[in-house]
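Here's the structure, in structure tokens; my notes come after.
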Amino acid sequence: MKMLVTGGAGFIGANFVRRTLATRTDYDITVLDKLTYAGNLNNLSGLNINFVHGDITDRVLVDSLLKEHEIVVHFAAESHNDNSLHDPSPFIHSNLVGTYTLLESVRAHGNRFHHISTDEVFGDLALDDPNRFTETTPYNPSSPYSATKAGSDHLVRAWIRSFNIAATISNCSNNYGPYQHIEKFIPRQITNILTHRPAKLYGTGEQVRDWIHVDDHNDAVLLILDKGTIGETYIIGADNDHINNKQVIEMICELMGEGHYEHVADRPGHDMRYAMDSTKIRRELGWTPQFTNTADRMREGLSATIDWYRSNVDWWKDAKADVEKHYEAQGQ
Ligand code: NAD
Ligand code: DAU
């Protein structure tokens, strides 16, 4: 089976390629990636794959690749909320125009298409709201990033309905694990502590994210490719929606033997709480996350992630000063 993975040099995409090669023998993988600041070819080192350096908005390139591949798994995106607040334009380019370009090519070549999306398309829940997002929750995105992801989901749904493309969508919650860019919450705190900087909590840290280990996310995607129903959307979440940012940062500090962290300027328009109801994928496809439900399992996943950043200093050390300079300019 020939599979094209867009954004496969980024955090979740690279873990997806690794997970696929480790668990399946029937996939021949090509990665298409623009290698933005978030993409890193080293994430794929040692793997037996084909790599194509290019932009998903390049229709000629996309057509030439889709002709040759049966399956497309679409991870490529601008992914960081904070960046989208400063310059939304790359988000419009990659997330909207990029997804549109892929969809038009899928329409022409008849590929099986899986679109990777996020819980943020649903907006946020109040802290005391007991509800969780489901596949039928109305869209209500808050940031330029989440608005472009919502737009890309709508494009996929329209191409399914209007043009009968063979597509599925998954909306997953916040991932953590190896190879995550150090601009993101968990690796930023780990690498702050490793470089003797204080960990940095936005505002009061009451916000809740439904953390999921990246391997659990990617196993769910593989299951959707194997057994998912064409045209359907699947919510992916591991029931970690009871741990707030303050508790996560305190867990990281405790695991790393660090007693101190700082409160810094809050994110404008900061979403309060995400919570996922993944009943559908569990019932219909039999998916079960490995790192779930209890603070103990989250602690295990975090502990392994801390070990990874500790053992792979060369992977992140060159980017650290620039990332922190950028945050410092924002009071964060
Ligand atoms: P990331 O920023 O680490 O990686 C994105 C990758 O896409 C990079 O390798 C980058 O070079 C590539 N890319 C960006 N624009 C491109 C373009 N125009 N053409 C080709 N390649 C391009 O992101 P991530 O955290 O791995 O997220 C991957 C996908 O998963 C995104 O679609 C994101 O919205 C979604 N998602 C992320 C999370 C999360 O917690 N990180 C949760 C749910 C869904
Ligand atoms: O929910 C899924 C989304 O999760 C994905 O769609 C996005 O691509 C991904 O980046 C992530 O978005 P968040 O904005 O939730 O993740 P981030 O890691 O940026 O922040 C997580 C929480 O931690 C959020 O409430 C902001 C807070 N935070 C973040 C940073 C970088 C801090 O308190 N301190 C920090 O230094």
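Naming scheme: A, B, ... for chains in displayed order of the structure tokens; residues 1 onward per chain; ligands 1 onward as shown.
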(request) Write out as an MDAnalysis selection string each polymer residue (protein, DNA or RNA) that has an atom no more than 6 Å from ligand 2, with only C-alpha atoms and all ligand atoms counted. (result) chainID A and resid 79:81 118:120 173:174 183:185 200:202 205 207 245
Using the selection just defined, write its residues with N, CA and C atoms as a compact mmCIF listing (two decimals), in the first residue's frame.
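Contents of result-v1.txt, as written:
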# COMPACT_ATOMS: atom_id res chain seq x y z
N SER A 79 0.63 24.96 13.19
CA SER A 79 -0.07 24.32 14.31
C SER A 79 -0.06 25.09 15.62
N HIS A 80 0.61 26.26 15.69
CA HIS A 80 0.74 26.89 17.02
C HIS A 80 -0.15 28.12 17.18
N ASN A 81 -1.08 28.04 18.12
CA ASN A 81 -2.02 29.14 18.39
C ASN A 81 -1.33 30.48 18.59
N THR A 118 -8.44 18.84 14.88
CA THR A 118 -8.21 19.14 16.29
C THR A 118 -9.51 19.41 17.04
N ASP A 119 -9.45 19.28 18.35
CA ASP A 119 -10.63 19.59 19.18
C ASP A 119 -10.96 21.09 19.19
N GLU A 120 -9.96 21.91 18.83
CA GLU A 120 -10.15 23.36 18.95
C GLU A 120 -11.19 23.91 18.00
N SER A 173 -7.41 15.67 20.66
CA SER A 173 -7.06 16.65 21.69
C SER A 173 -5.54 16.87 21.72
N ASN A 174 -5.05 17.58 22.74
CA ASN A 174 -3.62 17.96 22.83
C ASN A 174 -2.71 16.75 22.96
N GLU A 183 8.33 25.01 21.23
CA GLU A 183 7.44 26.17 21.45
C GLU A 183 6.19 25.74 22.22
N LYS A 184 5.86 24.44 22.21
CA LYS A 184 4.61 23.96 22.80
C LYS A 184 4.75 23.76 24.31
N PHE A 185 3.63 23.74 25.01
CA PHE A 185 3.60 23.82 26.48
C PHE A 185 4.53 22.82 27.18
N LYS A 200 7.12 28.21 32.68
CA LYS A 200 6.28 29.41 32.51
C LYS A 200 4.82 29.02 32.30
N LEU A 201 4.00 29.47 33.23
CA LEU A 201 2.57 29.17 33.17
C LEU A 201 1.80 30.42 32.74
N TYR A 202 0.96 30.28 31.69
CA TYR A 202 0.17 31.43 31.24
C TYR A 202 -0.95 31.70 32.27
N GLY A 205 -3.37 29.42 35.00
CA GLY A 205 -3.14 28.00 34.72
C GLY A 205 -4.35 27.12 35.02
N GLN A 207 -6.67 26.51 32.94
CA GLN A 207 -7.16 25.91 31.68
C GLN A 207 -6.91 24.40 31.66
N ASN A 245 -3.57 23.12 33.51
CA ASN A 245 -2.19 23.46 33.15
C ASN A 245 -1.29 23.56 34.38
(message) Show me which residues are within 7 Å of ligand 1 counting only C-alpha atoms and all ligand atoms, and format the list as a PyMOL selection string.
(response) chain A and resi 6-13+32-40+54-57+75-80+93-94+98+116-119+149+171-176+180-181
Give me, as CSV, each residue of range 131-151 of chain A that comes within 9 Å of range 277-290 of chain A, together with its shortest interatomic pair and the distance in Å at one decimal, counting only C-alpha atoms, with rows ordered by chain and rising residue number.
residue,atom,partner,partner_atom,distance
A:Asn131,CA,A:Asp277,CA,8.6
A:Arg132,CA,A:Asp277,CA,5.5
A:Phe133,CA,A:Asp277,CA,5.7
A:Thr134,CA,A:Asp277,CA,5.4
A:Glu135,CA,A:Lys280,CA,8.4
Can you spit out the residues from that selection as a PDB file, in the first residue's frame, using all heavy atoms?
ATOM      1  N   ASN A 131     -20.065  18.902  30.063  1.00  0.00           N
ATOM      2  CA  ASN A 131     -20.139  18.287  28.728  1.00  0.00           C
ATOM      3  C   ASN A 131     -18.771  18.074  28.118  1.00  0.00           C
ATOM      4  O   ASN A 131     -17.791  18.696  28.524  1.00  0.00           O
ATOM      5  CB  ASN A 131     -20.953  19.182  27.791  1.00  0.00           C
ATOM      6  CG  ASN A 131     -22.406  19.188  28.196  1.00  0.00           C
ATOM      7  OD1 ASN A 131     -23.001  18.128  28.335  1.00  0.00           O
ATOM      8  ND2 ASN A 131     -22.949  20.371  28.413  1.00  0.00           N
ATOM      9  N   ARG A 132     -18.745  17.186  27.130  1.00  0.00           N
ATOM     10  CA  ARG A 132     -17.541  16.963  26.324  1.00  0.00           C
ATOM     11  C   ARG A 132     -17.909  17.163  24.861  1.00  0.00           C
ATOM     12  O   ARG A 132     -19.082  17.055  24.503  1.00  0.00           O
ATOM     13  CB  ARG A 132     -17.033  15.538  26.529  1.00  0.00           C
ATOM     14  CG  ARG A 132     -16.440  15.315  27.924  1.00  0.00           C
ATOM     15  CD  ARG A 132     -16.129  13.850  28.106  1.00  0.00           C
ATOM     16  NE  ARG A 132     -15.155  13.640  29.164  1.00  0.00           N
ATOM     17  CZ  ARG A 132     -14.606  12.481  29.439  1.00  0.00           C
ATOM     18  NH1 ARG A 132     -14.917  11.404  28.736  1.00  0.00           N
ATOM     19  NH2 ARG A 132     -13.730  12.357  30.404  1.00  0.00           N
ATOM     20  N   PHE A 133     -16.889  17.417  24.016  1.00  0.00           N
ATOM     21  CA  PHE A 133     -17.144  17.546  22.578  1.00  0.00           C
ATOM     22  C   PHE A 133     -17.456  16.169  21.990  1.00  0.00           C
ATOM     23  O   PHE A 133     -16.811  15.176  22.332  1.00  0.00           O
ATOM     24  CB  PHE A 133     -15.917  18.097  21.847  1.00  0.00           C
ATOM     25  CG  PHE A 133     -15.464  19.464  22.322  1.00  0.00           C
ATOM     26  CD1 PHE A 133     -14.124  19.709  22.568  1.00  0.00           C
ATOM     27  CD2 PHE A 133     -16.367  20.508  22.498  1.00  0.00           C
ATOM     28  CE1 PHE A 133     -13.679  20.960  22.986  1.00  0.00           C
ATOM     29  CE2 PHE A 133     -15.938  21.764  22.913  1.00  0.00           C
ATOM     30  CZ  PHE A 133     -14.599  21.988  23.163  1.00  0.00           C
ATOM     31  N   THR A 134     -18.436  16.152  21.075  1.00  0.00           N
ATOM     32  CA  THR A 134     -18.724  14.927  20.325  1.00  0.00           C
ATOM     33  C   THR A 134     -18.632  15.251  18.833  1.00  0.00           C
ATOM     34  O   THR A 134     -18.435  16.413  18.459  1.00  0.00           O
ATOM     35  CB  THR A 134     -20.156  14.406  20.602  1.00  0.00           C
ATOM     36  OG1 THR A 134     -21.082  15.291  19.964  1.00  0.00           O
ATOM     37  CG2 THR A 134     -20.452  14.318  22.085  1.00  0.00           C
ATOM     38  N   GLU A 135     -18.856  14.250  18.008  1.00  0.00           N
ATOM     39  CA  GLU A 135     -18.767  14.435  16.548  1.00  0.00           C
ATOM     40  C   GLU A 135     -19.823  15.413  16.052  1.00  0.00           C
ATOM     41  O   GLU A 135     -19.691  15.944  14.947  1.00  0.00           O
ATOM     42  CB  GLU A 135     -18.929  13.091  15.825  1.00  0.00           C
ATOM     43  CG  GLU A 135     -17.713  12.172  15.897  1.00  0.00           C
ATOM     44  CD  GLU A 135     -17.571  11.422  17.224  1.00  0.00           C
ATOM     45  OE1 GLU A 135     -18.459  11.548  18.098  1.00  0.00           O
ATOM     46  OE2 GLU A 135     -16.558  10.693  17.392  1.00  0.00           O
TER      47      GLU A 135
END
I'd like the neighbourhood of range 47-52 of chain A as an mmCIF file with C-alpha atoms, in the first residue's frame, where a residue qualifies if any of its atoms comes within 6 Å (using only C-alpha atoms), though same-chain residues fewer than 4 positions away should be ignored.
data_model
loop_
_atom_site.group_PDB
_atom_site.id
_atom_site.type_symbol
_atom_site.label_atom_id
_atom_site.label_comp_id
_atom_site.auth_asym_id
_atom_site.auth_seq_id
_atom_site.Cartn_x
_atom_site.Cartn_y
_atom_site.Cartn_z
ATOM 1 C CA ILE A 29 5.601 5.627 2.825
ATOM 2 C CA THR A 30 6.410 8.942 1.135
ATOM 3 C CA VAL A 31 6.569 12.094 3.265
ATOM 4 C CA LEU A 32 5.764 15.474 1.683
#
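Relative to CA of Gln330 in chain A, CA of Ile193 in chain A is found at 19.9 Å.
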(request) Taking the chain letters and numbering used in this document, name the residues of range 88-247 of chain A that DSSP puts in strand (DSSP E or B), as a PyMOL selection string. (result) chain A and resi 112-118+125+133+166-172+175-176+199-202+208+212-213+233-236+244
(request) Would you list the contacts of Asp63 in chain A as an MDAnalysis selection string, taking every protein, DNA or RNA residue within 10 Å and counting only C-alpha atoms, but skipping same-chain residues closer than 4 positions in sequence? (result) chainID A and resid 58:59 67:68 101:102 104:106 108:109
Using only C-alpha atoms, I'd like a table of the residues in range 201-250 of chain A that come within 12 Å of range 1-5 of chain A; for each, show the closest atom pair and its distance in Å rounded to one decimal, ordered by chain and ascending number, as a Markdown table.
| residue | atom | partner | partner_atom | distance |
| --- | --- | --- | --- | --- |
| A:Leu222 | CA | A:Met3 | CA | 11.7 |
| A:Leu225 | CA | A:Met3 | CA | 10.8 |
| A:Asp226 | CA | A:Met1 | CA | 11.8 |
(message) Using only C-alpha atoms, which protein or nucleic acid residues come within 6 Å of Ala199 in chain A? Drop anything in the same chain fewer than 4 positions from it, and give the result as a PyMOL selection string.
(response) chain A and resi 189+192+261
Pull N, CA, C and O atoms from the residues just selected and write them as a compact mmCIF listing (two decimals), in the first residue's frame.
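And here's out-v1.txt as it stands now:
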# COMPACT_ATOMS: atom_id res chain seq x y z
N GLN A 189 8.36 23.58 28.88
CA GLN A 189 8.67 23.55 30.33
C GLN A 189 9.85 22.60 30.61
O GLN A 189 10.73 22.91 31.40
N ASN A 192 12.93 24.32 29.45
CA ASN A 192 13.24 25.44 30.35
C ASN A 192 14.01 24.92 31.56
O ASN A 192 15.06 25.46 31.94
N TYR A 261 8.16 27.60 39.51
CA TYR A 261 7.76 28.01 38.16
C TYR A 261 7.18 29.42 38.23
O TYR A 261 6.83 29.89 39.32
(request) Pull the helix (DSSP H, G or I) assignments for range 160-314 of chain A out of DSSP run on the backbone, and list those residues as a ChimeraX atom specification. (result) /A:160-163,185-194,214-227,245-255,279-285,295-311,313-314
(message) Using only C-alpha atoms for the distances, tell me which of A:Val264, A:Val72, A:Leu127, A:Ile243 is nearest to Ile169 in chain A.
(response)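 The closest residue to Ile169 in chain A is A:Val72.
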(message) So, with only C-alpha atoms as the atoms that count, which of A:Leu41, A:Leu194, A:Val97, A:Val208 lies closest to Leu155 in chain A?
(response) A:Val97
(message) When you look at Pro268 in chain A with a cut-off of 10 Å (counting only C-alpha atoms), what residues show up, excluding the ones that are within fewer than 6 positions of it in the same chain? I need them as number ranges by chain.
(response) A: 82, 85, 143
(request) Tell me which of A:Thr204, A:Thr233, A:Thr191, A:Asn218 sits closest to Glu324 in chain A, counting only C-alpha atoms. (result)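 Counting only C-alpha atoms, the residue closest to Glu324 in chain A is A:Thr191.
The space separating CA of Ser84 in chain A from CA of Asp271 in chain A comes to 14.1 Å.
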(message) Report as an MDAnalysis selection string all protein, DNA and RNA residues lying within 12 Å of Asp153 in chain A, evaluated on only C-alpha atoms, omitting residues in the same chain fewer than 6 positions from it.
(response) chainID A and resid 74 95:96 99:100 103 114:122 139 141 146:147 159:160 167:171 231:233
I need the chosen residues saved as a short mmCIF file (atom, residue, chain, number, x, y, z; two decimals), in the first residue's frame, with N, CA, C and O atoms.
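Written out: part.cif:
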data_model
loop_
_atom_site.label_atom_id
_atom_site.label_comp_id
_atom_site.auth_asym_id
_atom_site.auth_seq_id
_atom_site.Cartn_x
_atom_site.Cartn_y
_atom_site.Cartn_z
N HIS A 74 -3.17 13.43 5.98
CA HIS A 74 -2.86 14.85 5.88
C HIS A 74 -2.65 15.50 7.27
O HIS A 74 -3.61 15.91 7.93
N ASN A 95 -3.13 25.80 5.94
CA ASN A 95 -4.27 25.04 6.48
C ASN A 95 -5.48 25.09 5.56
O ASN A 95 -6.19 24.09 5.41
N LEU A 96 -5.70 26.25 4.94
CA LEU A 96 -6.87 26.36 4.05
C LEU A 96 -6.50 26.08 2.59
O LEU A 96 -7.01 25.14 2.00
N THR A 99 -5.05 22.48 2.21
CA THR A 99 -6.06 21.40 2.26
C THR A 99 -6.91 21.41 0.99
O THR A 99 -7.20 20.36 0.41
N TYR A 100 -7.27 22.61 0.53
CA TYR A 100 -8.04 22.74 -0.72
C TYR A 100 -7.27 22.10 -1.89
O TYR A 100 -7.85 21.34 -2.69
N LEU A 103 -7.40 18.38 -1.66
CA LEU A 103 -8.75 17.85 -1.96
C LEU A 103 -9.02 17.84 -3.46
O LEU A 103 -9.60 16.88 -3.98
N HIS A 114 -7.26 10.82 4.55
CA HIS A 114 -7.62 11.04 5.96
C HIS A 114 -7.09 12.39 6.42
O HIS A 114 -5.90 12.70 6.29
N HIS A 115 -8.00 13.19 6.97
CA HIS A 115 -7.68 14.56 7.39
C HIS A 115 -7.52 14.61 8.91
O HIS A 115 -8.43 14.23 9.66
N ILE A 116 -6.35 15.12 9.34
CA ILE A 116 -6.06 15.20 10.78
C ILE A 116 -6.51 16.57 11.28
O ILE A 116 -6.01 17.60 10.84
N SER A 117 -7.45 16.56 12.22
CA SER A 117 -7.89 17.84 12.77
C SER A 117 -7.84 17.82 14.31
O SER A 117 -7.27 16.92 14.91
N THR A 118 -8.44 18.84 14.88
CA THR A 118 -8.21 19.14 16.29
C THR A 118 -9.51 19.41 17.04
O THR A 118 -10.52 19.78 16.43
N ASP A 119 -9.45 19.28 18.35
CA ASP A 119 -10.63 19.59 19.18
C ASP A 119 -10.96 21.09 19.19
O ASP A 119 -12.08 21.49 19.50
N GLU A 120 -9.96 21.91 18.83
CA GLU A 120 -10.15 23.36 18.95
C GLU A 120 -11.19 23.91 18.00
O GLU A 120 -11.62 25.05 18.15
N VAL A 121 -11.57 23.12 17.00
CA VAL A 121 -12.60 23.60 16.06
C VAL A 121 -13.93 23.83 16.78
O VAL A 121 -14.77 24.60 16.33
N PHE A 122 -14.12 23.17 17.93
CA PHE A 122 -15.38 23.29 18.67
C PHE A 122 -15.39 24.48 19.62
O PHE A 122 -16.38 24.71 20.32
N TYR A 139 -19.38 23.81 15.40
CA TYR A 139 -18.05 24.44 15.33
C TYR A 139 -18.12 25.87 15.87
O TYR A 139 -19.08 26.60 15.60
N PRO A 141 -14.74 28.03 16.52
CA PRO A 141 -13.30 28.22 16.81
C PRO A 141 -12.98 29.61 17.33
O PRO A 141 -13.66 30.57 16.99
N SER A 146 -7.33 27.91 15.02
CA SER A 146 -8.45 26.97 15.07
C SER A 146 -9.50 27.29 14.00
O SER A 146 -10.17 26.38 13.50
N ALA A 147 -9.60 28.58 13.63
CA ALA A 147 -10.54 28.93 12.56
C ALA A 147 -10.10 28.32 11.23
O ALA A 147 -10.93 27.84 10.45
N TRP A 159 -16.26 18.35 0.22
CA TRP A 159 -15.75 17.51 -0.89
C TRP A 159 -16.30 16.08 -0.76
O TRP A 159 -16.51 15.41 -1.76
N ILE A 160 -16.55 15.62 0.47
CA ILE A 160 -17.16 14.30 0.65
C ILE A 160 -18.60 14.34 0.09
O ILE A 160 -19.01 13.50 -0.71
N ALA A 167 -13.09 10.04 2.00
CA ALA A 167 -12.34 10.70 3.08
C ALA A 167 -12.92 10.42 4.46
O ALA A 167 -14.13 10.15 4.60
N THR A 168 -12.06 10.51 5.46
CA THR A 168 -12.47 10.50 6.87
C THR A 168 -11.76 11.66 7.54
O THR A 168 -10.75 12.18 7.03
N ILE A 169 -12.28 12.05 8.72
CA ILE A 169 -11.69 13.14 9.50
C ILE A 169 -11.52 12.64 10.93
O ILE A 169 -12.38 11.91 11.43
N SER A 170 -10.43 13.03 11.58
CA SER A 170 -10.38 12.81 13.04
C SER A 170 -10.05 14.13 13.73
O SER A 170 -9.26 14.92 13.22
N ASN A 171 -10.70 14.35 14.87
CA ASN A 171 -10.44 15.54 15.70
C ASN A 171 -9.86 15.05 17.02
O ASN A 171 -10.55 14.37 17.78
N GLY A 231 -16.48 8.92 4.92
CA GLY A 231 -17.42 10.02 5.13
C GLY A 231 -17.59 10.39 6.60
O GLY A 231 -18.15 11.43 6.92
N GLU A 232 -17.07 9.54 7.50
CA GLU A 232 -17.30 9.77 8.94
C GLU A 232 -16.20 10.60 9.59
O GLU A 232 -15.06 10.64 9.12
N THR A 233 -16.58 11.22 10.72
CA THR A 233 -15.65 11.95 11.57
C THR A 233 -15.51 11.17 12.88
O THR A 233 -16.50 10.63 13.40
#
(request) Identify which of the residues A:Tyr145, A:Gly123, A:Asp322, A:Tyr27 lies closest to His86 in chain A, counting only C-alpha atoms when measuring atom-to-atom distances. (result)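 Answer, going by the shortest atom-to-atom distance: A:Tyr145.
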